[in-house]
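One structure below.
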Amino acid sequence: MTGRLSTHAFVRWWDLHAWAGVIGGLVLYVMFLTGGVTLFRDELALWEEPLSQRSSAPCDLECALDRALIANGSTPDDFWLYPPRAGRGEARLLHREASSGQWRTDWIDSERGELTRERERLSGFLYSIHFLWHDFTGQWLYTVGGLLAAVMLLTVVTGFLIHMKNLLRQFHQFRIAKSERVLWSDMHKVLGVMGLPFQLMYAYTGAFIVLGPILLNAFVGPVFGGDRARAAQLALGIEPSPVSSAGPPAHVLPLDALERRAHAARPDLEPEAFHLVHHGHAGATFEAWGKERTSSSGRASVRLREMDGEEVAPDRRRAEGSSRSLRRWIHGLHFVHFGGPMARALFLALALATCLTILSGNLVWLSRRELVHPTVGNRLLARLTAGVGAGAWVALGAIFLVSRLFPLGWARRGSAEELTFVLVLGVCVLCSLVARDTKAFACTQLAAAGALFLPVPFLAARWSQAGLFGSGPRIVVVAVLDAAILATGAALVAGARALRRTAQRDALSPPTSARPLFANPGGHDA
Amino acid sequence: MREAAALSALYFSFALVHAADSRRLWPGLCHWKLCNRTGMRILAALSVAAGMWFLRRAYDATSAVLVALTALSAIGTLFVLLVPLFPRTIWGLALACPPLVILFALLVEQHG
């Protein structure tokens with residue numbers, strides 16, 4: 001392989017790379033930004049909910065289950081029990097709502113002896129939005145998310161092909177003293193080349209997770225004779241849900257005994273949740289689900305019968321097929337089930353770098369095409385890039401702020417938080433479309449985002465004394481997150497100031513033949 | 001501590017690879033031109049090995065390789081983008097890395 005493409009191939013790949021990047025880029029930007037934050041979902045969940053910070057009274061699994069079932073008033077047929085983690089916080093019950101059949105999570109409030117409906121949506125919403133899922137929009141937008149991951153895969157591969165011949169040089173070249181076009185181009189190449197393994201991995205795993213089950217539908221009829229469960233098991237390694245009749249009420253083993261048996265069956269499993277079906281009946285099953293200590297490849301589970309604690313189909317688990325192994329690896333890589341907090345911090349840095357890759361890619365497009373053929377579409381792209389690029393940070397700051405401002409007891413606070421994010425992002429984009437000076441407005445947005453983040457740790461002390469400004473015993477994770485939020489706010493304000501100064505300096509410098517990218521006051525450009 | 005030692009070693013290795021071309025070297029370190037480019041790359045490889053060794057002590061082999069690759073990507077990105085803006089800080093940090101690695105290694109030995 002010479003590493004050189006023919007001119008025709010180069011131009012075609014370049015066009016494909018540029019168009020795919022411009023079409024999917026801004027949505028992918030939001031997906032990567034929220035995905036980066038979501039790497040710390042467990043920590044955010046601890047930070048956001050005072051009930052998860054309580055020092056829980058000593059209570060074994062059976063005791064937590066009793067509390068949950070007494071508070072619920074009945075035993076659901078199918079439910080999950082999440083015990084407190086590391087002896088902190090209340091347990092949670094995930095079950096179907098009797099009226100609507102929708103799954104819902106309740107905290108088991110041991111002090112008041114009742115169930116408290118999950119009231120905080122910050123971490124959950126950011127997690128969902130990173131793959132474009134919401135109950136309101138449903139499957140179609142989620143599928144679009146998967147397609148965008150495939151588009152990104154195409155962009156990464158074509159980007160690699162067109163830069164193959166200069167790949168080594170682009171590892172190190174960032175010329176800030178040259179023109180704006182060279183700066184964005186160098187930045188895009190450095191970020192793209194350095195982040196290539198990360199971006200390739202996320203594009204592939206994201207597309208696989210979303211589109212895999214959809215593509216499987218094409219094979220269910222011809223290959224698996226219409227047996228969807230068998231197709232999912234063989235092709236994707238998805239175990240079918242236990243199909244057993246409840247049977248008559250029976251005496252079953254206590255949960256703690258079942259947990260011990262699960263540990264004996266799978267010693268490397270660190271249970272995080274327990275799935276109970278037909279609890280208290282002859283056909284009941286107990287499934288311990290959690291992290292595998294000895295593997296980097298994700299989560300696993302073991303299923304037992306509640307009556308005698310015997311494992312259900314142990315041979316099937318031991319004879320793990322390659323498809324299941326592949327799926328576990330893909331999930332393990334995508335959700336960073338390896339390496340601990342340091343690996344996740346590094347992944348966050350690379351996710352932010354990917355966001356910058358996308359924005360700089362748009363700016364390269366504009367600097368190449370807008371200068372040659374100024375079009376309305378390019379001006380729209382410039383404004384959308386500024387609006388989404390900075391507006392996503394404002395929306396993030398806003399959702400963090402309102403999550404500490406809205407009353408905890410307000411029934412609609414979860415929906416209000418989600419609406420705040422969407423509305424703020426929408427308003428930022430709309431304002432960017434009509435702003436007189438897009439670059440100045442982007443700086444204002446970044447400063448506003450910083451201003452929204454900065455008071456959050458102080459407001460957090462209203463409900464939680466475990467943070468940086470709380471008066472109670474500190475929880476390290478909560479205090480570190482408070483510090484990280486403060487640092488984010490300060491960095492955004494400082495970044496906005498630096499960008500504004502650069503813009504002012506550029507405005508004072510002697511005019512060149514090249515038009516600056518965003519200088520388009522009032523749309524009256526010559 | 002092991003992670004900090006590993007990050008320092010990996011940072012040093014990337015700085016060496018970057019410095020292997022004297023045109024990229026900070027003017028304050030120009031006398032390093034005397035150094036052999038191949039020697040720098042060998043030293044960089046040894047530094048990566050040291051980083052891997054520290055990570056291997058903290059994680060299983062697969063995780064250690066994945067974390068090292070991620071760290072090199074993140075460090076490389078930050079290094080190349082920030083070195084024109086803050087050359088003293090970035091090169092200064094690179095020079096501080098070898099003693100930092102030794103310090104962290106000693107702390108690891110003492111505290112486990």
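By order of appearance in the structure tokens: chains A, B, ..., then residues from 1 within every chain, and ligands from 1 in the order shown.
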Do you know which residues are at most 10 Å from Phe104 (chain B) counting only C-alpha atoms, after dropping those on the same chain fewer than 6 positions away, and could you put them as a PyMOL selection string?
chain B and resi 1-6+8+98+110
Distance query Leu69 (chain B) at most 10 Å, only C-alpha atoms, self and fewer than 4 positions along chain excluded, as an MDAnalysis selection string:
(chainID A and resid 197:198) or (chainID B and resid 10 52 63:65 73:75)
Using C-alpha atoms, can you write the selected residues to a file as an mmCIF file, in the first residue's frame?
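Below you can see part.cif, which holds the result:
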data_model
loop_
_atom_site.group_PDB
_atom_site.id
_atom_site.type_symbol
_atom_site.label_atom_id
_atom_site.label_comp_id
_atom_site.auth_asym_id
_atom_site.auth_seq_id
_atom_site.Cartn_x
_atom_site.Cartn_y
_atom_site.Cartn_z
ATOM 1 C CA PRO A 197 -9.011 4.693 17.956
ATOM 2 C CA PHE A 198 -11.458 6.290 20.393
ATOM 3 C CA LEU B 10 3.337 8.062 29.324
ATOM 4 C CA MET B 52 2.435 -0.184 31.138
ATOM 5 C CA SER B 63 -7.443 -3.119 30.932
ATOM 6 C CA ALA B 64 -3.828 -1.949 31.237
ATOM 7 C CA VAL B 65 -3.391 -1.940 27.436
ATOM 8 C CA SER B 73 -4.397 9.502 22.900
ATOM 9 C CA ALA B 74 -5.521 12.042 25.504
ATOM 10 C CA ILE B 75 -1.978 13.116 26.420
#
Distance cut-off 8 Å, counting only C-alpha atoms - which residues of chain A neighbour chain B? Return them as a ChimeraX atom specification.
/A:171-176,187,190-191,194-195,198,294-296,338-339,342-343,346-347,349-350,353
Grab the residues selected above and save them as a PDB file, in the first residue's frame with C-alpha atoms.
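Contents of the output file again21.pdb:
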ATOM      1  CA  PHE A 171       0.387  13.711  14.765  1.00  0.00           C
ATOM      2  CA  HIS A 172       2.422  16.767  15.703  1.00  0.00           C
ATOM      3  CA  GLN A 173       1.425  19.723  13.538  1.00  0.00           C
ATOM      4  CA  PHE A 174      -0.554  22.578  15.092  1.00  0.00           C
ATOM      5  CA  ARG A 175       0.312  26.010  13.681  1.00  0.00           C
ATOM      6  CA  ILE A 176      -1.447  28.713  15.676  1.00  0.00           C
ATOM      7  CA  MET A 187      -6.703  21.253  14.989  1.00  0.00           C
ATOM      8  CA  VAL A 190      -4.546  16.521  15.274  1.00  0.00           C
ATOM      9  CA  LEU A 191      -7.798  15.761  17.091  1.00  0.00           C
ATOM     10  CA  MET A 194      -5.012  11.293  17.988  1.00  0.00           C
ATOM     11  CA  GLY A 195      -8.603  10.372  18.706  1.00  0.00           C
ATOM     12  CA  PHE A 198     -11.458   6.290  20.393  1.00  0.00           C
ATOM     13  CA  THR A 294     -11.915 -10.421  36.648  1.00  0.00           C
ATOM     14  CA  SER A 295     -12.999  -9.167  33.240  1.00  0.00           C
ATOM     15  CA  SER A 296     -12.824  -5.896  31.352  1.00  0.00           C
ATOM     16  CA  PHE A 338     -12.495  -1.267  32.854  1.00  0.00           C
ATOM     17  CA  GLY A 339      -9.758   0.846  34.350  1.00  0.00           C
ATOM     18  CA  MET A 342      -8.986   7.301  35.697  1.00  0.00           C
ATOM     19  CA  ALA A 343      -9.983   5.507  32.504  1.00  0.00           C
ATOM     20  CA  LEU A 346      -9.445   9.950  30.070  1.00  0.00           C
ATOM     21  CA  PHE A 347     -12.468   8.899  28.036  1.00  0.00           C
ATOM     22  CA  ALA A 349     -11.192  14.091  27.792  1.00  0.00           C
ATOM     23  CA  LEU A 350     -11.346  12.184  24.506  1.00  0.00           C
ATOM     24  CA  ALA A 353     -11.781  16.252  22.053  1.00  0.00           C
TER      25      ALA A 353
END
For the strand (DSSP E or B) assignment from backbone DSSP, which residues of region 77-191 of chain A qualify? Please present them as a ChimeraX atom specification.
/A:78-82,85,88,92-96,103-109,114-117
Given the selection you just returned, output its residues as a file containing N, CA and C atoms, formatted as a compact mmCIF listing (two decimals), in the first residue's frame.
# COMPACT_ATOMS: atom_id res chain seq x y z
N ASP A 78 -42.87 -9.06 38.68
CA ASP A 78 -41.54 -8.95 38.05
C ASP A 78 -40.93 -7.64 38.52
N PHE A 79 -39.85 -7.70 39.27
CA PHE A 79 -39.25 -6.45 39.76
C PHE A 79 -37.74 -6.61 40.00
N TRP A 80 -37.07 -5.48 40.12
CA TRP A 80 -35.63 -5.42 40.39
C TRP A 80 -35.43 -4.74 41.74
N LEU A 81 -34.48 -5.25 42.50
CA LEU A 81 -34.12 -4.62 43.78
C LEU A 81 -32.67 -4.16 43.68
N TYR A 82 -32.45 -2.87 43.89
CA TYR A 82 -31.09 -2.32 43.89
C TYR A 82 -30.68 -2.04 45.33
N ARG A 85 -25.35 0.96 47.82
CA ARG A 85 -23.97 0.66 47.41
C ARG A 85 -23.01 1.09 48.49
N ARG A 88 -24.10 2.84 51.66
CA ARG A 88 -24.60 4.21 51.68
C ARG A 88 -25.87 4.33 50.84
N ARG A 92 -33.40 0.69 46.17
CA ARG A 92 -34.38 1.12 45.17
C ARG A 92 -35.14 -0.08 44.62
N LEU A 93 -36.36 0.21 44.24
CA LEU A 93 -37.21 -0.83 43.68
C LEU A 93 -37.63 -0.40 42.27
N LEU A 94 -37.35 -1.25 41.29
CA LEU A 94 -37.77 -0.97 39.91
C LEU A 94 -38.90 -1.94 39.59
N HIS A 95 -40.06 -1.40 39.31
CA HIS A 95 -41.22 -2.27 39.07
C HIS A 95 -42.19 -1.61 38.10
N ARG A 96 -43.18 -2.38 37.67
CA ARG A 96 -44.15 -1.83 36.71
C ARG A 96 -45.28 -1.14 37.47
N TRP A 103 -42.45 0.96 33.50
CA TRP A 103 -41.48 0.71 34.56
C TRP A 103 -41.22 2.00 35.32
N ARG A 104 -41.10 1.92 36.64
CA ARG A 104 -40.75 3.10 37.43
C ARG A 104 -39.84 2.69 38.59
N THR A 105 -39.02 3.64 39.01
CA THR A 105 -38.10 3.38 40.12
C THR A 105 -38.55 4.15 41.34
N ASP A 106 -38.56 3.48 42.49
CA ASP A 106 -38.90 4.12 43.76
C ASP A 106 -37.75 3.92 44.74
N TRP A 107 -37.48 4.96 45.51
CA TRP A 107 -36.55 4.82 46.62
C TRP A 107 -37.30 4.21 47.80
N ILE A 108 -36.66 3.30 48.51
CA ILE A 108 -37.30 2.71 49.69
C ILE A 108 -36.83 3.52 50.90
N ASP A 109 -37.66 4.48 51.30
CA ASP A 109 -37.28 5.41 52.37
C ASP A 109 -37.41 4.69 53.71
N GLU A 114 -41.77 4.33 53.57
CA GLU A 114 -42.61 4.42 52.37
C GLU A 114 -41.73 4.51 51.12
N LEU A 115 -42.39 4.35 49.98
CA LEU A 115 -41.67 4.47 48.72
C LEU A 115 -41.70 5.92 48.25
N THR A 116 -40.55 6.43 47.85
CA THR A 116 -40.48 7.79 47.30
C THR A 116 -40.13 7.67 45.83
N ARG A 117 -41.00 8.16 45.00
CA ARG A 117 -40.79 8.03 43.55
C ARG A 117 -39.51 8.74 43.14
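Picture a line from CA of Phe32 (chain A) to CA of Arg379 (chain A); it runs 24.2 Å.
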I need the alpha helix (DSSP H) residues of region 18-84 of chain B per DSSP on the backbone, written as a PDB file with N, CA and C atoms, in the first residue's frame.
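Listed below is the output, result-v4.pdb:
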ATOM      1  N   HIS B  18       7.676  13.695  20.556  1.00  0.00           N
ATOM      2  CA  HIS B  18       7.468  15.021  19.971  1.00  0.00           C
ATOM      3  C   HIS B  18       8.811  15.743  19.795  1.00  0.00           C
ATOM      4  N   ALA B  19       9.694  15.554  20.779  1.00  0.00           N
ATOM      5  CA  ALA B  19      10.984  16.252  20.747  1.00  0.00           C
ATOM      6  C   ALA B  19      11.973  15.597  19.789  1.00  0.00           C
ATOM      7  N   ARG B  37      18.031  11.090  17.630  1.00  0.00           N
ATOM      8  CA  ARG B  37      16.593  10.915  17.442  1.00  0.00           C
ATOM      9  C   ARG B  37      16.172   9.482  17.786  1.00  0.00           C
ATOM     10  N   THR B  38      16.970   8.527  17.335  1.00  0.00           N
ATOM     11  CA  THR B  38      16.632   7.124  17.628  1.00  0.00           C
ATOM     12  C   THR B  38      16.699   6.871  19.126  1.00  0.00           C
ATOM     13  N   GLY B  39      17.703   7.470  19.752  1.00  0.00           N
ATOM     14  CA  GLY B  39      17.834   7.308  21.202  1.00  0.00           C
ATOM     15  C   GLY B  39      16.597   7.800  21.931  1.00  0.00           C
ATOM     16  N   MET B  40      16.085   8.941  21.447  1.00  0.00           N
ATOM     17  CA  MET B  40      14.875   9.504  22.077  1.00  0.00           C
ATOM     18  C   MET B  40      13.694   8.550  21.913  1.00  0.00           C
ATOM     19  N   ARG B  41      13.622   7.951  20.730  1.00  0.00           N
ATOM     20  CA  ARG B  41      12.488   7.041  20.491  1.00  0.00           C
ATOM     21  C   ARG B  41      12.623   5.775  21.323  1.00  0.00           C
ATOM     22  N   ILE B  42      13.859   5.330  21.502  1.00  0.00           N
ATOM     23  CA  ILE B  42      14.058   4.137  22.348  1.00  0.00           C
ATOM     24  C   ILE B  42      13.683   4.467  23.787  1.00  0.00           C
ATOM     25  N   LEU B  43      14.115   5.668  24.217  1.00  0.00           N
ATOM     26  CA  LEU B  43      13.770   6.099  25.583  1.00  0.00           C
ATOM     27  C   LEU B  43      12.244   6.223  25.739  1.00  0.00           C
ATOM     28  N   ALA B  44      11.595   6.727  24.675  1.00  0.00           N
ATOM     29  CA  ALA B  44      10.128   6.850  24.708  1.00  0.00           C
ATOM     30  C   ALA B  44       9.483   5.475  24.841  1.00  0.00           C
ATOM     31  N   ALA B  45      10.020   4.509  24.102  1.00  0.00           N
ATOM     32  CA  ALA B  45       9.464   3.150  24.174  1.00  0.00           C
ATOM     33  C   ALA B  45       9.652   2.570  25.581  1.00  0.00           C
ATOM     34  N   LEU B  46      10.832   2.846  26.172  1.00  0.00           N
ATOM     35  CA  LEU B  46      11.078   2.365  27.541  1.00  0.00           C
ATOM     36  C   LEU B  46      10.111   3.030  28.519  1.00  0.00           C
ATOM     37  N   SER B  47       9.848   4.310  28.270  1.00  0.00           N
ATOM     38  CA  SER B  47       8.929   5.038  29.140  1.00  0.00           C
ATOM     39  C   SER B  47       7.512   4.478  29.028  1.00  0.00           C
ATOM     40  N   VAL B  48       7.103   4.129  27.803  1.00  0.00           N
ATOM     41  CA  VAL B  48       5.786   3.496  27.620  1.00  0.00           C
ATOM     42  C   VAL B  48       5.750   2.163  28.366  1.00  0.00           C
ATOM     43  N   ALA B  49       6.861   1.421  28.274  1.00  0.00           N
ATOM     44  CA  ALA B  49       6.917   0.123  28.972  1.00  0.00           C
ATOM     45  C   ALA B  49       6.778   0.323  30.472  1.00  0.00           C
ATOM     46  N   ALA B  50       7.439   1.383  30.973  1.00  0.00           N
ATOM     47  CA  ALA B  50       7.335   1.665  32.419  1.00  0.00           C
ATOM     48  C   ALA B  50       5.891   2.006  32.780  1.00  0.00           C
ATOM     49  N   GLY B  51       5.253   2.827  31.939  1.00  0.00           N
ATOM     50  CA  GLY B  51       3.846   3.183  32.174  1.00  0.00           C
ATOM     51  C   GLY B  51       2.965   1.948  32.182  1.00  0.00           C
ATOM     52  N   MET B  52       3.210   1.056  31.221  1.00  0.00           N
ATOM     53  CA  MET B  52       2.435  -0.184  31.138  1.00  0.00           C
ATOM     54  C   MET B  52       2.652  -1.039  32.385  1.00  0.00           C
ATOM     55  N   TRP B  53       3.895  -1.043  32.852  1.00  0.00           N
ATOM     56  CA  TRP B  53       4.210  -1.850  34.046  1.00  0.00           C
ATOM     57  C   TRP B  53       3.429  -1.349  35.263  1.00  0.00           C
ATOM     58  N   PHE B  54       3.376  -0.026  35.413  1.00  0.00           N
ATOM     59  CA  PHE B  54       2.607   0.530  36.536  1.00  0.00           C
ATOM     60  C   PHE B  54       1.121   0.204  36.385  1.00  0.00           C
ATOM     61  N   LEU B  55       0.612   0.336  35.156  1.00  0.00           N
ATOM     62  CA  LEU B  55      -0.817   0.056  34.942  1.00  0.00           C
ATOM     63  C   LEU B  55      -1.124  -1.422  35.162  1.00  0.00           C
ATOM     64  N   ARG B  56      -0.177  -2.266  34.764  1.00  0.00           N
ATOM     65  CA  ARG B  56      -0.386  -3.707  34.920  1.00  0.00           C
ATOM     66  C   ARG B  56      -0.491  -4.082  36.394  1.00  0.00           C
ATOM     67  N   ARG B  57       0.196  -3.292  37.236  1.00  0.00           N
ATOM     68  CA  ARG B  57       0.114  -3.572  38.679  1.00  0.00           C
ATOM     69  C   ARG B  57      -1.233  -3.148  39.255  1.00  0.00           C
ATOM     70  N   ALA B  58      -1.917  -2.243  38.538  1.00  0.00           N
ATOM     71  CA  ALA B  58      -3.222  -1.781  39.034  1.00  0.00           C
ATOM     72  C   ALA B  58      -4.388  -2.543  38.391  1.00  0.00           C
ATOM     73  N   ALA B  61      -4.308  -7.336  32.378  1.00  0.00           N
ATOM     74  CA  ALA B  61      -3.503  -6.997  31.196  1.00  0.00           C
ATOM     75  C   ALA B  61      -4.320  -6.245  30.141  1.00  0.00           C
ATOM     76  N   THR B  62      -5.544  -6.728  29.870  1.00  0.00           N
ATOM     77  CA  THR B  62      -6.358  -6.076  28.830  1.00  0.00           C
ATOM     78  C   THR B  62      -6.681  -4.641  29.216  1.00  0.00           C
ATOM     79  N   SER B  63      -7.102  -4.466  30.476  1.00  0.00           N
ATOM     80  CA  SER B  63      -7.443  -3.119  30.932  1.00  0.00           C
ATOM     81  C   SER B  63      -6.220  -2.218  30.859  1.00  0.00           C
ATOM     82  N   ALA B  64      -5.052  -2.762  31.239  1.00  0.00           N
ATOM     83  CA  ALA B  64      -3.828  -1.949  31.237  1.00  0.00           C
ATOM     84  C   ALA B  64      -3.518  -1.462  29.820  1.00  0.00           C
ATOM     85  N   VAL B  65      -3.669  -2.341  28.828  1.00  0.00           N
ATOM     86  CA  VAL B  65      -3.391  -1.940  27.436  1.00  0.00           C
ATOM     87  C   VAL B  65      -4.403  -0.871  26.993  1.00  0.00           C
ATOM     88  N   LEU B  66      -5.680  -1.100  27.321  1.00  0.00           N
ATOM     89  CA  LEU B  66      -6.716  -0.142  26.912  1.00  0.00           C
ATOM     90  C   LEU B  66      -6.506   1.221  27.569  1.00  0.00           C
ATOM     91  N   VAL B  67      -6.174   1.199  28.863  1.00  0.00           N
ATOM     92  CA  VAL B  67      -5.972   2.467  29.578  1.00  0.00           C
ATOM     93  C   VAL B  67      -4.740   3.180  29.025  1.00  0.00           C
ATOM     94  N   ALA B  68      -3.679   2.427  28.733  1.00  0.00           N
ATOM     95  CA  ALA B  68      -2.457   3.047  28.203  1.00  0.00           C
ATOM     96  C   ALA B  68      -2.736   3.698  26.847  1.00  0.00           C
ATOM     97  N   LEU B  69      -3.489   3.007  26.002  1.00  0.00           N
ATOM     98  CA  LEU B  69      -3.819   3.554  24.681  1.00  0.00           C
ATOM     99  C   LEU B  69      -4.661   4.827  24.824  1.00  0.00           C
ATOM    100  N   THR B  70      -5.643   4.767  25.721  1.00  0.00           N
ATOM    101  CA  THR B  70      -6.489   5.934  25.955  1.00  0.00           C
ATOM    102  C   THR B  70      -5.657   7.098  26.489  1.00  0.00           C
ATOM    103  N   ALA B  71      -4.780   6.783  27.443  1.00  0.00           N
ATOM    104  CA  ALA B  71      -3.962   7.840  28.042  1.00  0.00           C
ATOM    105  C   ALA B  71      -3.050   8.470  26.998  1.00  0.00           C
ATOM    106  N   LEU B  72      -2.446   7.653  26.145  1.00  0.00           N
ATOM    107  CA  LEU B  72      -1.557   8.199  25.113  1.00  0.00           C
ATOM    108  C   LEU B  72      -2.330   9.092  24.141  1.00  0.00           C
ATOM    109  N   SER B  73      -3.559   8.673  23.794  1.00  0.00           N
ATOM    110  CA  SER B  73      -4.397   9.502  22.900  1.00  0.00           C
ATOM    111  C   SER B  73      -4.701  10.850  23.549  1.00  0.00           C
ATOM    112  N   ALA B  74      -5.130  10.803  24.816  1.00  0.00           N
ATOM    113  CA  ALA B  74      -5.521  12.042  25.504  1.00  0.00           C
ATOM    114  C   ALA B  74      -4.303  12.939  25.729  1.00  0.00           C
ATOM    115  N   ILE B  75      -3.192  12.331  26.164  1.00  0.00           N
ATOM    116  CA  ILE B  75      -1.978  13.116  26.420  1.00  0.00           C
ATOM    117  C   ILE B  75      -1.465  13.728  25.112  1.00  0.00           C
ATOM    118  N   GLY B  76      -1.452  12.923  24.066  1.00  0.00           N
ATOM    119  CA  GLY B  76      -0.972  13.416  22.770  1.00  0.00           C
ATOM    120  C   GLY B  76      -1.788  14.602  22.285  1.00  0.00           C
ATOM    121  N   THR B  77      -3.120  14.481  22.403  1.00  0.00           N
ATOM    122  CA  THR B  77      -3.998  15.565  21.968  1.00  0.00           C
ATOM    123  C   THR B  77      -3.698  16.843  22.744  1.00  0.00           C
ATOM    124  N   LEU B  78      -3.679  16.712  24.071  1.00  0.00           N
ATOM    125  CA  LEU B  78      -3.456  17.901  24.904  1.00  0.00           C
ATOM    126  C   LEU B  78      -2.071  18.491  24.648  1.00  0.00           C
ATOM    127  N   PHE B  79      -1.083  17.614  24.521  1.00  0.00           N
ATOM    128  CA  PHE B  79       0.301  18.066  24.337  1.00  0.00           C
ATOM    129  C   PHE B  79       0.424  18.892  23.057  1.00  0.00           C
ATOM    130  N   VAL B  80      -0.036  18.327  21.948  1.00  0.00           N
ATOM    131  CA  VAL B  80       0.168  18.995  20.650  1.00  0.00           C
ATOM    132  C   VAL B  80      -0.640  20.294  20.572  1.00  0.00           C
ATOM    133  N   LEU B  81      -1.858  20.295  21.156  1.00  0.00           N
ATOM    134  CA  LEU B  81      -2.675  21.503  21.060  1.00  0.00           C
ATOM    135  C   LEU B  81      -2.214  22.594  22.029  1.00  0.00           C
ATOM    136  N   LEU B  82      -1.656  22.187  23.160  1.00  0.00           N
ATOM    137  CA  LEU B  82      -1.300  23.196  24.171  1.00  0.00           C
ATOM    138  C   LEU B  82       0.142  23.675  24.073  1.00  0.00           C
TER     139      LEU B  82
END
